[in-house]
$ cat work-v6.txt   # compact mmCIF, C-alpha atoms
# COMPACT_ATOMS: atom_id res chain seq x y z
CA MET A 20 9.95 22.93 14.76
CA PRO A 21 12.30 20.15 13.59
CA SER A 22 11.08 17.00 11.87
CA PRO A 23 10.33 14.01 14.07
CA SER A 24 12.71 11.06 14.20
CA PRO A 25 11.42 7.50 14.50
CA SER A 26 12.59 7.06 18.07
CA ILE A 27 13.02 9.13 21.21
CA TYR A 28 16.63 7.89 21.23
CA GLU A 29 17.38 9.40 17.82
CA ASN A 30 15.90 12.73 18.85
CA LEU A 31 18.31 12.90 21.76
CA SER A 32 21.45 11.52 20.13
CA SER A 33 22.57 9.97 16.90
CA SER A 34 21.96 6.24 16.73
CA GLY A 35 25.67 6.08 15.87
CA ILE A 36 26.45 7.05 19.43
CA VAL A 37 25.83 4.94 22.48
CA HIS A 38 24.24 7.64 24.54
CA GLY A 39 24.93 8.05 28.22
CA GLN A 40 22.67 7.02 31.05
CA ARG A 41 19.53 9.11 31.21
CA VAL A 42 16.38 9.25 33.28
CA LEU A 43 13.40 11.57 33.39
CA ASP A 44 10.32 11.64 35.54
CA ASN A 45 7.15 13.69 35.12
CA PHE A 46 5.96 12.83 38.64
CA THR A 47 2.38 12.21 37.63
CA GLY A 48 0.32 9.19 38.64
CA LYS A 49 -1.23 7.62 41.68
CA GLU A 50 2.07 7.46 43.56
CA ILE A 51 5.80 8.03 43.26
CA ASP A 52 7.44 5.34 41.15
CA THR A 53 9.00 3.23 43.88
CA ASP A 54 10.74 0.99 41.37
CA ARG A 55 12.80 4.07 40.63
CA TRP A 56 12.80 6.15 43.83
CA THR A 57 13.47 5.51 47.49
CA PHE A 58 12.63 8.05 50.17
CA PHE A 59 14.81 8.30 53.27
CA ASN A 60 13.07 9.81 56.25
CA ILE A 61 16.11 11.31 57.91
CA ALA A 62 14.41 13.00 60.84
CA THR A 63 10.96 11.65 61.60
CA GLY A 64 8.11 13.35 59.84
CA ALA A 65 8.96 13.76 56.16
CA SER A 66 7.56 12.04 53.08
CA ALA A 67 7.37 12.16 49.26
CA VAL A 68 3.97 11.76 47.63
CA SER A 69 2.13 12.45 44.38
CA ALA A 70 0.48 15.87 44.67
CA ASN A 71 -3.25 16.18 44.04
CA THR A 72 -3.08 19.77 42.83
CA LEU A 73 -2.89 21.39 39.40
CA ASP A 74 0.70 21.11 38.12
CA GLY A 75 1.59 19.58 41.46
CA GLY A 76 3.91 16.75 40.44
CA LEU A 77 5.97 15.46 43.33
CA LEU A 78 5.26 16.85 46.80
CA LEU A 79 8.00 16.68 49.42
CA ILE A 80 6.45 17.46 52.77
CA THR A 81 7.34 17.47 56.45
CA SER A 82 5.22 17.18 59.53
CA ALA A 83 4.91 19.99 62.05
CA GLY A 84 6.91 17.98 64.54
CA SER A 85 10.02 18.99 66.36
CA SER A 86 13.66 18.17 65.56
CA SER A 87 13.70 19.67 62.06
CA PRO A 88 11.85 16.94 60.13
CA SER A 89 13.75 16.17 56.95
CA GLY A 90 13.93 13.65 54.13
CA TYR A 91 15.63 12.79 50.93
CA LEU A 92 14.46 11.19 47.66
CA GLY A 93 17.03 9.26 45.65
CA PHE A 94 17.86 6.03 43.87
CA ASN A 95 18.74 4.07 47.00
CA ASN A 96 22.42 4.83 46.37
CA ILE A 97 22.37 3.48 42.80
CA CYS A 98 24.82 6.00 41.36
CA GLN A 99 24.93 6.05 37.53
CA TYR A 100 25.71 9.72 36.87
CA ASN A 101 29.05 11.33 36.22
CA PRO A 102 29.69 14.51 38.24
CA SER A 103 32.28 15.57 35.65
CA GLY A 104 29.92 15.18 32.68
CA PHE A 105 26.22 15.56 33.38
CA ARG A 106 23.19 17.79 33.00
CA PHE A 107 20.34 17.96 35.52
CA ILE A 108 17.10 19.83 34.79
CA SER A 109 14.26 20.18 37.26
CA THR A 110 11.60 22.50 38.65
CA CYS A 111 11.04 23.82 42.16
CA LYS A 112 8.07 25.47 43.87
CA LYS A 113 8.61 26.32 47.54
CA ASN A 114 5.33 26.57 49.42
CA SER A 115 6.42 28.30 52.60
CA ASN A 116 9.37 29.92 54.26
CA ALA A 117 11.47 28.57 57.12
CA MET A 118 12.46 25.46 55.20
CA GLY A 119 15.45 24.25 53.21
CA ILE A 120 15.45 22.69 49.74
CA ARG A 121 18.14 21.01 47.67
CA GLY A 122 17.86 19.39 44.23
CA GLY A 123 20.56 17.98 41.98
CA ILE A 124 22.97 15.06 42.09
CA GLY A 125 24.76 13.57 45.04
CA SER A 126 26.88 10.58 45.93
CA ALA A 127 25.89 7.70 48.15
CA ASP A 128 26.26 7.27 51.91
CA ASN A 129 24.70 9.46 54.54
CA PRO A 130 21.94 11.47 52.89
CA ALA A 131 22.00 14.09 55.61
CA THR A 132 25.61 14.96 54.81
CA ILE A 133 26.19 13.95 51.21
CA PRO A 134 29.97 13.83 50.70
CA HIS A 135 29.97 14.74 47.00
CA MET A 136 27.20 16.73 45.37
CA ALA A 137 26.14 19.51 43.02
CA VAL A 138 22.74 20.88 43.95
CA MET A 139 20.56 23.95 43.76
CA SER A 140 19.82 25.28 47.23
CA GLU A 141 16.76 27.35 48.04
CA GLY A 142 15.33 28.36 51.41
CA SER A 143 16.73 28.72 54.85
CA PHE A 144 20.03 27.01 54.12
CA VAL A 145 21.21 29.98 52.07
CA SER A 146 20.86 33.76 51.88
CA SER A 147 19.85 33.66 48.20
CA ARG A 148 19.52 30.87 45.64
CA ALA A 149 22.84 29.08 45.51
CA LEU A 150 24.83 26.41 43.82
CA THR A 151 26.02 24.12 46.57
CA THR A 152 28.84 21.68 45.93
CA ASN A 153 30.97 19.38 47.97
CA ASN A 154 34.08 17.31 47.42
CA GLY A 155 34.32 15.22 50.52
CA GLY A 156 34.57 18.24 52.80
CA SER A 157 32.17 20.91 53.92
CA TYR A 158 29.34 22.20 51.78
CA VAL A 159 30.30 25.26 49.75
CA ASP A 160 27.51 27.65 48.75
CA THR A 161 28.18 29.90 45.76
CA TYR A 162 25.94 32.83 44.92
CA ALA A 163 25.27 34.76 41.74
CA ALA A 164 27.06 38.10 41.35
CA THR A 165 23.60 39.65 41.49
CA PRO A 166 21.93 37.55 44.18
CA ILE A 167 18.89 35.55 43.08
CA PRO A 168 16.32 36.19 45.82
CA LEU A 169 14.71 33.33 47.67
CA SER A 170 11.02 33.14 46.79
CA GLN A 171 7.96 30.97 46.45
CA THR A 172 7.75 31.57 42.71
CA GLU A 173 8.19 28.36 40.72
CA PHE A 174 11.36 28.14 38.63
CA VAL A 175 13.30 25.75 36.42
CA TYR A 176 16.93 25.11 37.16
CA ASP A 177 19.63 23.53 35.05
CA ILE A 178 22.92 22.20 36.42
CA VAL A 179 25.72 21.33 34.00
CA GLY A 180 28.85 19.56 35.16
CA THR A 181 32.15 19.30 33.30
CA PRO A 182 35.62 18.29 34.53
CA SER A 183 36.45 21.94 35.22
CA SER A 184 33.21 23.54 36.42
CA ILE A 185 29.63 23.25 37.58
CA VAL A 186 27.15 25.82 36.26
CA LEU A 187 23.69 26.45 37.68
CA THR A 188 21.21 28.37 35.54
CA ILE A 189 17.86 29.59 36.84
CA ASP A 190 14.97 30.04 34.38
CA GLY A 191 17.49 29.89 31.54
CA LYS A 192 19.03 33.23 32.47
CA LEU A 193 20.89 33.74 35.70
CA SER A 194 23.97 31.59 36.12
CA ILE A 195 26.33 30.65 38.90
CA THR A 196 29.64 29.05 38.01
CA LYS A 197 31.87 27.16 40.36
CA THR A 198 35.34 25.79 39.62
CA THR A 199 36.35 24.53 43.07
CA ALA A 200 34.92 21.97 45.47
CA LEU A 201 33.63 20.00 42.49
CA PRO A 202 32.19 16.55 43.20
CA THR A 203 34.15 13.61 41.84
CA LEU A 204 32.27 10.54 43.08
CA LYS A 205 29.54 8.90 40.97
CA CYS A 206 26.13 10.31 41.81
CA GLN A 207 22.36 9.78 41.86
CA PRO A 208 19.54 12.33 41.59
CA VAL A 209 18.66 13.82 44.97
CA PHE A 210 15.78 15.92 46.29
CA TYR A 211 15.92 17.13 49.87
CA ILE A 212 13.59 18.89 52.29
CA GLN A 213 14.15 20.10 55.81
CA SER A 214 11.80 22.05 58.02
CA ARG A 215 13.47 24.92 59.86
CA ASP A 216 10.40 25.66 61.94
CA ASN A 217 8.91 23.15 64.32
CA SER A 218 5.41 24.51 64.36
CA LEU A 219 4.21 24.19 60.75
CA VAL A 220 4.03 21.70 57.90
CA LYS A 221 6.56 22.54 55.15
CA SER A 222 6.47 21.42 51.53
CA TRP A 223 7.77 21.96 48.03
CA ASN A 224 6.75 20.67 44.61
CA CYS A 225 8.73 19.34 41.67
CA LYS A 226 7.00 18.34 38.46
CA TYR A 227 9.93 17.35 36.26
CA MET A 228 13.36 15.86 36.63
CA GLU A 229 15.78 14.84 33.91
CA VAL A 230 19.42 13.91 34.28
CA TYR A 231 21.84 12.52 31.75
CA ASN A 232 25.51 11.91 31.26
CA THR A 233 27.09 14.06 28.58
CA MET B 8 16.12 22.59 18.38
CA THR B 9 12.91 22.31 20.31
CA PHE B 10 9.71 20.32 20.15
CA ASP B 11 6.50 21.49 21.72
CA SER B 12 5.82 18.02 23.07
CA VAL B 13 7.37 14.60 23.48
CA TYR B 14 4.60 13.39 21.15
CA GLU B 15 5.96 15.54 18.35
CA MET B 16 9.48 14.22 18.81
CA THR B 17 8.40 11.09 16.97
CA THR B 18 5.06 11.86 15.33
CA PRO B 19 3.61 14.90 13.56
CA ILE B 20 0.61 16.32 15.41
CA THR B 21 -1.45 15.57 12.29
CA GLU B 22 -1.06 11.85 12.91
CA VAL B 23 -2.26 9.52 15.65
CA ARG B 24 0.84 8.21 17.33
CA LYS B 25 1.14 4.45 17.52
CA GLN B 26 2.19 2.29 20.43
CA ARG B 27 5.57 3.14 21.96
CA PHE B 28 7.56 1.84 24.93
CA TRP B 29 10.86 2.87 26.40
CA ASP B 30 12.99 2.32 29.45
CA ASP B 31 16.23 3.99 30.55
CA PHE B 32 17.11 1.39 33.19
CA SER B 33 17.96 4.06 35.75
CA GLY B 34 16.70 3.97 39.34
CA ASN B 35 16.82 1.75 42.36
CA ASP B 36 15.20 -1.29 40.72
CA LEU B 37 13.97 -2.64 37.40
CA ASN B 38 10.63 -1.08 36.49
CA SER B 39 7.78 -3.46 37.21
CA ARG B 40 6.45 -3.10 33.65
CA TRP B 41 8.91 -5.89 32.94
CA LYS B 42 8.32 -9.51 33.83
CA ILE B 43 11.29 -11.81 34.33
CA SER B 44 11.00 -15.56 34.00
CA TYR B 45 13.51 -18.38 34.26
CA SER B 46 13.77 -21.74 32.53
CA ALA B 47 15.45 -23.08 35.66
CA GLY B 48 16.06 -21.69 39.11
CA ASN B 49 14.96 -18.19 39.99
CA VAL B 50 16.30 -14.75 40.77
CA THR B 51 18.76 -16.31 43.20
CA ASN B 52 20.39 -18.16 40.30
CA SER B 53 20.04 -15.35 37.76
CA PRO B 54 19.85 -12.02 39.59
CA HIS B 55 19.32 -8.67 37.92
CA THR B 56 20.64 -5.56 39.61
CA MET B 57 20.70 -1.89 38.79
CA SER B 58 24.34 -1.07 38.36
CA SER B 59 25.72 1.59 40.66
CA GLU B 60 28.33 2.59 38.10
CA ILE B 61 28.37 5.60 35.79
CA ASP B 62 26.45 4.62 32.63
CA GLY B 63 25.92 1.20 34.18
CA GLY B 64 22.23 0.58 33.41
CA MET B 65 20.99 -2.82 34.57
CA VAL B 66 23.21 -5.87 34.88
CA TRP B 67 21.69 -9.29 34.31
CA HIS B 68 23.30 -12.60 35.25
CA THR B 69 23.01 -15.97 33.59
CA ASN B 70 22.13 -19.01 35.66
CA ASN B 71 25.14 -19.90 37.80
CA THR B 72 24.40 -23.60 38.17
CA ASN B 73 22.61 -24.77 35.03
CA ALA B 74 24.47 -24.93 31.73
CA THR B 75 21.34 -24.84 29.55
CA ALA B 76 19.20 -22.38 31.47
CA TYR B 77 17.87 -19.11 30.05
CA ASN B 78 16.29 -15.97 31.49
CA ILE B 79 13.59 -13.97 29.70
CA MET B 80 12.52 -10.38 30.31
CA ASP B 81 9.29 -9.31 28.55
CA THR B 82 5.99 -7.53 29.12
CA ASN B 83 4.06 -10.62 30.22
CA SER B 84 2.61 -11.52 26.81
CA LYS B 85 1.18 -8.08 26.05
CA TYR B 86 1.61 -8.17 22.30
CA THR B 87 1.19 -4.50 21.37
CA PHE B 88 3.77 -4.29 18.59
CA ASP B 89 2.79 -4.85 14.98
CA ALA B 90 4.55 -7.89 13.52
CA GLU B 91 4.61 -6.26 10.08
CA SER B 92 5.38 -2.67 10.99
CA CYS B 93 7.55 -2.06 14.04
CA GLY B 94 11.03 -1.23 15.25
CA PHE B 95 13.24 -1.12 18.29
CA ILE B 96 16.48 0.53 19.39
CA THR B 97 18.57 -0.61 22.34
CA SER B 98 21.96 -0.13 23.97
CA ILE B 99 23.42 -3.31 25.43
CA LYS B 100 26.80 -4.67 26.39
CA MET B 101 28.10 -8.22 26.73
CA ASN B 102 30.35 -8.10 29.76
CA TYR B 103 32.29 -11.19 28.81
CA ASP B 104 33.59 -12.35 25.45
CA SER B 105 30.73 -14.65 24.50
CA MET B 106 32.79 -16.12 21.66
CA GLY B 107 35.54 -17.35 23.95
CA SER B 108 35.29 -19.82 26.73
CA GLU B 109 32.56 -17.67 28.25
CA ASN B 110 29.78 -19.25 26.28
CA TYR B 111 26.56 -17.40 26.69
CA SER B 112 24.33 -15.48 24.32
CA SER B 113 21.88 -12.60 24.18
CA SER B 114 18.76 -12.15 22.05
CA ILE B 115 17.02 -8.79 22.21
CA GLY B 116 14.19 -7.25 20.25
CA LEU B 117 10.50 -7.91 19.69
CA HIS B 118 9.15 -11.40 20.17
CA GLU B 119 6.19 -13.69 20.40
CA ASP B 120 7.01 -17.11 19.04
CA SER B 121 7.93 -15.20 15.93
CA TYR B 122 10.50 -12.47 16.40
CA ILE B 123 12.86 -9.80 15.09
CA ILE B 124 15.95 -9.72 17.26
CA ILE B 125 19.61 -8.89 17.50
CA ASN B 126 21.37 -12.05 18.44
CA THR B 127 24.79 -12.98 19.78
CA SER B 128 25.06 -16.61 18.89
CA THR B 129 27.67 -18.94 20.28
CA ALA B 130 27.77 -20.46 16.79
CA GLY B 131 28.66 -17.21 15.05
CA THR B 132 31.28 -14.52 15.19
CA TYR B 133 29.24 -11.40 14.51
CA PHE B 134 26.19 -9.74 15.93
CA GLN B 135 23.27 -11.01 13.91
CA LEU B 136 19.86 -9.89 12.75
CA GLN B 137 17.54 -12.85 13.15
CA CYS B 138 13.88 -13.14 12.13
CA ARG B 139 11.50 -15.95 12.80
CA ASN B 140 8.01 -16.60 11.51
CA ASN B 141 6.76 -19.57 13.45
CA LEU B 142 4.62 -20.66 10.48
CA VAL B 143 7.56 -20.64 8.09
CA GLY B 144 10.99 -20.80 9.73
CA THR B 145 13.97 -18.78 10.87
CA SER B 146 16.58 -16.77 8.97
CA THR B 147 19.74 -15.03 10.08
CA ALA B 148 22.02 -12.36 8.62
CA ASP B 149 25.39 -11.53 10.12
CA THR B 150 26.30 -7.91 10.63
CA THR B 151 29.91 -6.87 10.04
CA VAL B 152 30.50 -6.11 13.72
CA LYS B 153 32.24 -8.78 15.72
CA ILE B 154 30.82 -9.66 19.09
CA ASP B 155 32.83 -7.89 21.76
CA THR B 156 32.49 -6.41 25.23
CA ASP B 157 31.80 -2.80 24.16
CA TRP B 158 28.51 -0.95 24.44
CA HIS B 159 26.63 -0.93 21.13
CA THR B 160 23.39 0.64 19.97
CA PHE B 161 21.29 -1.70 17.84
CA LYS B 162 18.25 -0.68 15.85
CA ALA B 163 16.04 -2.98 13.79
CA THR B 164 12.80 -2.45 11.91
CA THR B 165 10.46 -4.52 9.76
CA ASN B 166 7.75 -3.55 7.30
CA GLY B 167 6.61 -7.13 6.75
CA THR B 168 8.66 -7.68 3.62
CA ARG B 169 12.07 -6.34 4.63
CA ALA B 170 13.80 -6.29 7.99
CA VAL B 171 16.91 -4.20 8.52
CA ALA B 172 19.39 -3.83 11.35
CA TYR B 173 21.69 -0.95 12.24
CA VAL B 174 24.73 -1.29 14.46
CA ASP B 175 25.89 1.99 15.98
CA GLY B 176 23.96 3.91 13.34
CA VAL B 177 25.18 1.97 10.30
CA LEU B 178 22.81 -0.15 8.20
CA ASP B 179 24.46 -3.52 8.46
CA ALA B 180 22.09 -6.44 7.82
CA THR B 181 18.91 -7.15 5.86
CA LEU B 182 16.46 -10.05 5.76
CA THR B 183 13.54 -10.55 3.39
CA SER B 184 12.30 -14.01 4.39
CA THR B 185 10.72 -15.64 7.44
CA LEU B 186 9.74 -12.23 8.80
CA PRO B 187 7.13 -11.99 11.56
CA SER B 188 3.58 -11.68 10.24
CA HIS B 189 0.09 -10.93 11.53
CA GLU B 190 -0.85 -14.55 10.92
CA ALA B 191 2.01 -15.68 13.13
CA GLY B 192 1.25 -13.11 15.82
CA ASN B 193 2.15 -9.67 17.07
CA LEU B 194 5.13 -8.96 19.30
CA GLU B 195 6.31 -7.67 22.70
CA PRO B 196 9.62 -6.26 24.02
CA PHE B 197 11.95 -9.10 24.83
CA TRP B 198 15.45 -9.87 26.09
CA GLN B 199 16.82 -13.36 26.66
CA LEU B 200 20.14 -14.47 28.08
CA THR B 201 21.17 -18.08 27.62
CA ASN B 202 24.23 -19.75 29.03
CA ASN B 203 26.05 -22.78 27.76
CA THR B 204 28.17 -23.35 30.81
CA ALA B 205 27.01 -23.37 34.41
CA THR B 206 28.68 -20.06 35.12
CA ASP B 207 27.63 -16.60 36.20
CA TRP B 208 28.07 -14.48 33.03
CA THR B 209 26.55 -11.02 32.74
CA ALA B 210 25.24 -8.57 30.18
CA SER B 211 24.12 -4.95 30.65
CA ILE B 212 21.35 -2.80 29.19
CA LYS B 213 20.82 0.94 29.51
CA TYR B 214 18.15 1.67 26.91
CA PHE B 215 15.29 -0.08 25.13
CA GLU B 216 12.66 1.57 22.98
CA ALA B 217 10.06 -0.05 20.71
CA TRP B 218 7.46 1.51 18.46
CA ASN B 219 4.92 0.75 15.77
CA ILE B 220 5.53 2.40 12.43

$ encode --input "work-v6.txt" --output "structure tokens"
Amino acid sequence: MPSPSPSIYENLSSSGIVHGQRVLDNFTGKEIDTDRWTFFNIATGASAVSANTLDGGLLLITSAGSSSPSGYLGFNNICQYNPSGFRFISTCKKNSNAMGIRGGIGSADNPATIPHMAVMSEGSFVSSRALTTNNGGSYVDTYAATPIPLSQTEFVYDIVGTPSSIVLTIDGKLSITKTTALPTLKCQPVFYIQSRDNSLVKSWNCKYMEVYNT
Amino acid sequence: MTFDSVYEMTTPITEVRKQRFWDDFSGNDLNSRWKISYSAGNVTNSPHTMSSEIDGGMVWHTNNTNATAYNIMDTNSKYTFDAESCGFITSIKMNYDSMGSENYSSSIGLHEDSYIIINTSTAGTYFQLQCRNNLVGTSTADTTVKIDTDWHTFKATTNGTRAVAYVDGVLDATLTSTLPSHEAGNLEPFWQLTNNTATDWTASIKYFEAWNI
């Protein structure tokens, strides 16, 4: 293990460098930090709360109502992250099927149809875990050469953006690379849930999120 | 390079870690750990907003109608930092040339009535390390970096007998007198903007970290 440095800053970058914008959240406490996060209830019946379960972190949850309840957690369209030079690390635990999940960075405007984004997609939106990007047009889902099955097993995902590509890595191993439909507008962290079944409550957990400009 | 814990990033597991505070200034609003106060007017005159620009951090405005007003951001007089053994590191940016006709200044660091700060003074040309012991007086040392409108990372520490300041990783100023002391009082995170013309000037911040040594 390396030797400690006096500050968190100097462990992450040299003090000779003005490091890029960064934020991390452990999602633990009595409630979501609403100084930082804003939840948009897109279709009535979704919310973001602090989980009261072991390793629960953030719980995104829908009601059992009709009309595909959905919602979106972000920075209220405060967009400080560079889609051409960023890294996003987070965890995902899907708790049921017949629901869609996205996590990553996205631009402002309509959260239901984010115009520019780079997100991990899990659940009913895709046939296997996918890297979904957008550059002002339609969403483009890209799959691994060996498809990564959808599942309720918790995983960590890592999205790295450069001017020429976006790479999604799952559990530090399986990667998906995309070189087209890359987002170009400034972005914020985004977490999305949508029920694809009107009869049951749907939820997923996230216990860590870190994003920084590279 | 990996650490088993955030704790061990700064402190060996064989030691009890001392007080630490940090903020990345990223999100939809300023974290409510901070308290903002105004010598005149209020948030309407001196708003703070989270910048919606890449690497924007938080933007803070000087009072737009009062030429001698100042704004202070601190932790509401919670003095948890040791006057004789502490440090801070911060990334800030003056958005206007404070040495030109845009006369305003920034003071950031650890403060009570005594302080250790990085100062942009309208009377100087360079970023300064400034220390005050309210029982003794105030001293100032210029760094070699001229005040400009670029982002800079400033770090300063004191051990009670010697205070040092780094600008962008380079040791650049030292003071050995009028340093904060236990007798004068312990310190809290602090940022002050002062304007000298009744104009809306701004400065930005995207990182602040303080710790006891």

$ closest_residue --input "work-v6.txt" --among "B:Asn71, B:Ile61, B:Ser53, B:Thr97" --to "Ser103 of chain A" --atoms "all atoms listed in the file"
B:Ile61

$ interface_residues --input "work-v6.txt" --of "chain B" --to "chain A" --cutoff "9 Å" --atoms "all atoms listed in the file" --output "count of residues only"
52

$ closest_residue --input "work-v6.txt" --among "A:Thr203, A:Thr132, A:Thr198, A:Ser32" --to "Ile185 of chain A" --atoms "all atoms listed in the file"
A:Thr198

$ residues_around --input "work-v6.txt" --residues "Ser157 of chain A" --least-positions-apart "6" --cutoff "12 Å" --atoms "all atoms listed in the file" --output "count of residues only"
9

$ atom_distance --input "work-v6.txt" --atom1 "atom CA of Trp41 of chain B" --atom2 "atom CA of Thr156 of chain B"
24.8 Å

$ residues_around --input "work-v6.txt" --residues "segment 137-139 of chain B" --least-positions-apart "2" --cutoff "12 Å" --atoms "only C-alpha atoms" --output "count of residues only"
52

$ atom_distance --input "work-v6.txt" --atom1 "atom CA of Thr201 of chain B" --atom2 "atom CA of Val152 of chain B"
20.6 Å

$ axis_aligned_box --input "work-v6.txt" --around "segment 66-83 of chain B" --padding-each-side "6 Å" --output "JSON"
{"center_x": 14.6, "center_y": -15.4, "center_z": 33.4, "size_x": 33.1, "size_y": 31.1, "size_z": 21.6}

$ residues_around --input "work-v6.txt" --residues "Ala47 of chain B" --least-positions-apart "4" --cutoff "9 Å" --atoms "only C-alpha atoms" --output "list in words"
Asn52, Asn70, Asn73, Thr75, Ala76, Tyr77 and Asn78 of chain B

$ write_last_selection --input "work-v6.txt" --atoms "C-alpha atoms" --output "PDB file, in the coordinates of the input"
ATOM      1  CA  ASN B  52      20.390 -18.160  40.300  1.00  0.00           C
ATOM      2  CA  ASN B  70      22.130 -19.010  35.660  1.00  0.00           C
ATOM      3  CA  ASN B  73      22.610 -24.770  35.030  1.00  0.00           C
ATOM      4  CA  THR B  75      21.340 -24.840  29.550  1.00  0.00           C
ATOM      5  CA  ALA B  76      19.200 -22.380  31.470  1.00  0.00           C
ATOM      6  CA  TYR B  77      17.870 -19.110  30.050  1.00  0.00           C
ATOM      7  CA  ASN B  78      16.290 -15.970  31.490  1.00  0.00           C
TER       8      ASN B  78
END

$ atom_distance --input "work-v6.txt" --atom1 "atom CA of Gln213 of chain A" --atom2 "atom CA of Thr81 of chain A"
7.3 Å

$ residues_around --input "work-v6.txt" --residues "Ala117 of chain A" --least-positions-apart "3" --cutoff "9 Å" --atoms "all atoms listed in the file" --output "VMD selection string"
chain A and resid 142 to 143 213 to 216 221

$ residues_around --input "work-v6.txt" --residues "Met139 of chain A" --least-positions-apart "5" --cutoff "7 Å" --atoms "all atoms listed in the file" --output "PyMOL selection string"
chain A and resi 121-123+149-151
